[in-house]
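S.K.: This structure is in structure tokens; I'll ask about it shortly.
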Amino acid sequence: MWPYHSDLLSKPVPRYTSFPTAAEFTGDVGPADFERALGEAQGDISLYIHIPFCERICWYCGCNTAAANRKKRVAGYLDALHREIALVGTRLPEGAKVRRIAFGGGSPNAISPTDFVRLINALTLNFPLSSPDISLELDPRTLADGWRDVIAGVGVGYASLGVQTFSPKLQSAIGRVQPAELIERSTHMLRDAGVASLNFDLMYGLPGQTREDVLDSLDRSARLGANRIALFGYAHVPHLIPRQRKVDARDLPDQRERFAMAELGYKMLAGLGYEQVGFDHFALPGDPLAQAAVSGRLHRNFQGFTDDEAPVVIGLGASAISSFPGLVIQNEKNVGRYGMLLSQDRLPQALGVLRSEDDRLRSAVIEGLLCHGRAPVGPELLREVLPRLRPFMDRGLCALDQGQLSLAAHALPYARSIAAQFDPYRQESARRFSSAV
């Protein structure tokens with residue numbers, strides 16, 4: 001059983017898909033910093049391409065996305081994206097090799113299969129691709145038949161379906177109605193197209209959701225053969241995401257119930273043979289993500305937990321984030337301004353942060369705790385954080401041994417909260433983040 005300590009979970013914390021987090025991004029860095037970092041990039045490179053459109057907008061969603069109901073707007077965005085691909089590709093030095101390409105959003109299938117192929121062609125012409133693994137996020141509600149042959153032809157090996165829940169009443173409560181038949185149809189289509197690893201995104205903590213609803217969605221996902229399952233806690237922050245005001249907050253489960261849902265989900269998936277990957281992902285033993293977790297090669301970036309070991313991720317598209325050892329930088333979020341900058345052949349980076357040596361040290365500790373449940377901590381840093389770690393240590397959630405901090409086996413729901421003790425930006429910050437569990 002996971003021990004429940006409400007006081008240790010009361011403070012919202014980041015998900016730490018980067019460190020420093022996006023909350024620390026400022027306009028003090030920009031295209032010149034990006035160009036400098038890009039010019040120093042060597043070895044393996046990963047690309048992330050952001051498609052900020054969905055055919056239908058879900059109320060819960062915190063992604064940078066808009067309705068794809070204006071063809072000219074989508075076409076204009078794709079023109080700008082092609083310009084960015086060309087501009088960035090010409091600046092990448094010799095010796096760099098792109099080994100991974102991830103398409104996210106929004107929903108990449110909000111564009112047409114033909115437009116997707118054109119993007120693949122542009123990447124092939126402008127970047128040094130080296131037999132890259134290609135992954136694709138998809139909305140099962142709008143996954144048309146035309147995608148099957150394209151996915152097979154391009155060689156997409158990894159796909160993620162936004163399922164969230166199989167319960168019709170919960171789907172209505174969050175503005176994402178998708179009958180089970182659509183999810184089943186999409187699953188079969190992707191398998192027919194050669195997708196070897198299929199992820200289902202699921203959520204707990206939804207309005208009116210019960211523990212039985214969570215277990216039912218997990219059971220259905222496993223029976224459909226999901227290789228990976230991401231079980232996220234719904235983050236209700238309508239002050240930051242206005243569309244969430246449509247979600248009835250009166251029916252949201254409280255913190256203790258969310259905790260129970262997360263624990264039940266963990267137990268069920270472990271019983272079904274899934275390996276735990278970090279604090280909210282699960283994968284079947286043969287999947288590369290599970291193998292990375294078991295072998296100590298797991299990492300964390302803006303796509304979540306990953307077996308991607310590339311030190312550089314280049315983000316393309318409005319709001320996409322690029323990560324370098326010394327820099328994290330985000331493109332202009334506004335689609336119109338993003339397009340205007342690129343129409344002038346200007347790089348669109350707008351916000352970011354230069355990572356100091358101290359940032360990198362703390363980042364390594366945070367990633368180690370979240371990915372592996374342990375991390376070495378230097379004496380100076382340990383002296384700073386030890387008073388903040390004491391409440392967790394006194395409850396048996398973590399322990400120090402010869403300079404290494406280790407999380408207890410039952411401390412999974414506290415991983416982010418413990419990691420946050422190494423984040424100096426959070427100690428006095430009033431900015432709101434998602435619930436710790």
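Residue numbering restarts at 1 in every chain; chains get A, B, ... in the order shown in the structure tokens, and ligands count up from 1 in that same order.
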Quick one: which region 358-396 of chain A residues come within 12 Å of region 270-281 of chain A, and what is the nearest atom pair for each with the distance in Å to one decimal, counting only C-alpha atoms, rows ordered by chain and ascending number, as CSV?

M.R.:
```
residue,atom,partner,partner_atom,distance
A:Ile366,CA,A:Gly278,CA,11.9
A:Glu367,CA,A:Gly278,CA,9.8
A:Gly368,CA,A:Gly278,CA,10.0
A:Leu369,CA,A:Gly278,CA,8.9
A:Leu370,CA,A:Gly278,CA,5.8
A:Cys371,CA,A:Gly278,CA,5.0
A:His372,CA,A:Gly278,CA,7.2
A:Gly373,CA,A:Gly278,CA,8.0
A:Arg374,CA,A:Gly278,CA,11.4
```

S.K.: Using N, CA and C atoms, can you export the residues from the last selection as a compact mmCIF listing (two decimals), in the first residue's frame?

M.R.:
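The result, stored in selection.txt:
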```
# COMPACT_ATOMS: atom_id res chain seq x y z
N ILE A 366 17.30 15.75 -10.53
CA ILE A 366 15.85 15.63 -10.73
C ILE A 366 15.53 14.51 -11.71
N GLU A 367 16.26 14.45 -12.83
CA GLU A 367 16.01 13.39 -13.81
C GLU A 367 16.32 12.02 -13.22
N GLY A 368 17.40 11.93 -12.45
CA GLY A 368 17.73 10.65 -11.83
C GLY A 368 16.66 10.17 -10.88
N LEU A 369 16.12 11.06 -10.08
CA LEU A 369 15.06 10.68 -9.14
C LEU A 369 13.79 10.24 -9.88
N LEU A 370 13.41 11.00 -10.91
CA LEU A 370 12.15 10.70 -11.60
C LEU A 370 12.27 9.48 -12.51
N CYS A 371 13.45 9.26 -13.10
CA CYS A 371 13.61 8.16 -14.05
C CYS A 371 14.09 6.86 -13.39
N HIS A 372 14.94 7.00 -12.36
CA HIS A 372 15.56 5.82 -11.79
C HIS A 372 15.31 5.64 -10.30
N GLY A 373 14.68 6.64 -9.68
CA GLY A 373 14.40 6.54 -8.26
C GLY A 373 15.61 6.78 -7.38
N ARG A 374 16.69 7.28 -7.94
CA ARG A 374 17.90 7.53 -7.16
C ARG A 374 18.78 8.52 -7.92
```

S.K.: Just the residues within 9 Å of region 165-179 of chain A, please, counting only C-alpha atoms, with nothing from its chain fewer than 2 positions along; format it as a ChimeraX atom specification.

M.R.: /A:56-61,140-141,162-163,181-183,201-204,206-209,213-214,216-218,220-221,244,246-248

S.K.: Return the single residue from A:Phe324, A:Phe116, A:Phe282, A:Trp2 that is closest to Gln42 (chain A), with distances computed using only C-alpha atoms.

M.R.: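 Of A:Phe324, A:Phe116, A:Phe282, A:Trp2, the one nearest Gln42 (chain A) is A:Phe324, counting only C-alpha atoms.
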
S.K.: Could you list, as a PyMOL selection string, every residue within 12 Å of Pro379 (chain A), counting only C-alpha atoms and ignoring same-chain residues fewer than 3 positions away?

M.R.: chain A and resi 376+382-386+400+402-405

S.K.: Please measure the separation of CA of Arg245 (chain A) and CA of Arg15 (chain A), giving the value in Å to one decimal.

M.R.: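 Pair CA of Arg245 (chain A) / CA of Arg15 (chain A) returns 22.1 Å.
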
S.K.: Using only C-alpha atoms for the distances, tell me which of A:Glu137, A:Glu35, A:Glu40, A:Asp7 is nearest to Cys54 (chain A).

M.R.: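 Of the candidates, the smallest distance to Cys54 (chain A) is held by A:Glu137.
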
S.K.: What parts of region 68-239 of chain A does DSSP call strand (DSSP E or B)? I'd like the answer as a PyMOL selection string.

M.R.: chain A and resi 97-105+129-138+158-164+197-204+228-233

S.K.: Can you write just those residues out, C-alpha atoms, as a PDB file, in the first residue's frame?

M.R.:
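In the end it all went to out_37.pdb:
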```pdb
ATOM      1  CA  LYS A  97      22.476  12.895 -37.450  1.00  0.00           C
ATOM      2  CA  VAL A  98      18.716  12.913 -36.937  1.00  0.00           C
ATOM      3  CA  ARG A  99      17.716   9.557 -35.499  1.00  0.00           C
ATOM      4  CA  ARG A 100      14.248  10.376 -34.141  1.00  0.00           C
ATOM      5  CA  ILE A 101      11.304  12.416 -35.367  1.00  0.00           C
ATOM      6  CA  ALA A 102       8.215  12.979 -33.208  1.00  0.00           C
ATOM      7  CA  PHE A 103       5.013  14.650 -34.417  1.00  0.00           C
ATOM      8  CA  GLY A 104       2.773  16.070 -31.710  1.00  0.00           C
ATOM      9  CA  GLY A 105       0.190  18.733 -31.087  1.00  0.00           C
ATOM     10  CA  LEU A 129      18.203  11.840 -41.472  1.00  0.00           C
ATOM     11  CA  SER A 130      19.782   8.570 -40.396  1.00  0.00           C
ATOM     12  CA  SER A 131      17.009   5.915 -40.572  1.00  0.00           C
ATOM     13  CA  PRO A 132      15.057   7.777 -37.883  1.00  0.00           C
ATOM     14  CA  ASP A 133      12.440   6.267 -35.622  1.00  0.00           C
ATOM     15  CA  ILE A 134       9.197   8.146 -36.307  1.00  0.00           C
ATOM     16  CA  SER A 135       6.430   8.616 -33.747  1.00  0.00           C
ATOM     17  CA  LEU A 136       3.024  10.189 -34.180  1.00  0.00           C
ATOM     18  CA  GLU A 137       0.321  11.436 -31.787  1.00  0.00           C
ATOM     19  CA  LEU A 138      -3.193  10.779 -33.090  1.00  0.00           C
ATOM     20  CA  TYR A 158       5.445   4.390 -32.690  1.00  0.00           C
ATOM     21  CA  ALA A 159       2.020   5.963 -32.223  1.00  0.00           C
ATOM     22  CA  SER A 160       0.061   7.403 -29.325  1.00  0.00           C
ATOM     23  CA  LEU A 161      -3.720   7.561 -29.139  1.00  0.00           C
ATOM     24  CA  GLY A 162      -5.476  10.171 -27.035  1.00  0.00           C
ATOM     25  CA  VAL A 163      -7.973   7.878 -25.307  1.00  0.00           C
ATOM     26  CA  GLN A 164      -8.307   9.507 -21.847  1.00  0.00           C
ATOM     27  CA  SER A 197       4.550   0.184 -30.273  1.00  0.00           C
ATOM     28  CA  LEU A 198       1.202   1.770 -29.463  1.00  0.00           C
ATOM     29  CA  ASN A 199       0.595   4.042 -26.464  1.00  0.00           C
ATOM     30  CA  PHE A 200      -2.763   4.914 -24.901  1.00  0.00           C
ATOM     31  CA  ASP A 201      -3.026   8.182 -22.959  1.00  0.00           C
ATOM     32  CA  LEU A 202      -5.450   7.772 -20.037  1.00  0.00           C
ATOM     33  CA  MET A 203      -6.491  10.103 -17.217  1.00  0.00           C
ATOM     34  CA  TYR A 204      -7.680   9.860 -13.643  1.00  0.00           C
ATOM     35  CA  ARG A 228       2.467   1.531 -23.427  1.00  0.00           C
ATOM     36  CA  ILE A 229       0.009   3.275 -21.144  1.00  0.00           C
ATOM     37  CA  ALA A 230       0.444   6.793 -19.783  1.00  0.00           C
ATOM     38  CA  LEU A 231      -1.815   7.340 -16.772  1.00  0.00           C
ATOM     39  CA  PHE A 232      -1.984  11.066 -16.095  1.00  0.00           C
ATOM     40  CA  GLY A 233      -3.729  12.938 -13.320  1.00  0.00           C
TER      41      GLY A 233
END
```

S.K.: From the set A:Ser343, A:Asn301, A:Ser406, A:Ser356, which residue has the shortest atom-to-atom contact distance to Leu81 (chain A), counting only C-alpha atoms?

M.R.: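 Comparing A:Ser343, A:Asn301, A:Ser406, A:Ser356 against Leu81 (chain A), the winner is A:Ser343.
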
S.K.: Using DSSP assignments from the backbone, pull out every residue in region 121-333 of chain A that falls under alpha helix (DSSP H) and give it to me as a PyMOL selection string.

M.R.: chain A and resi 121-126+146-154+168-174+180-192+211-223+255-271+288-295

S.K.: Counting only C-alpha atoms, which residue out of A:Val335, A:Ala180, A:Leu342, A:Ala22 sits closest to Leu87 (chain A)?

M.R.: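 Nearest to Leu87 (chain A): A:Leu342.
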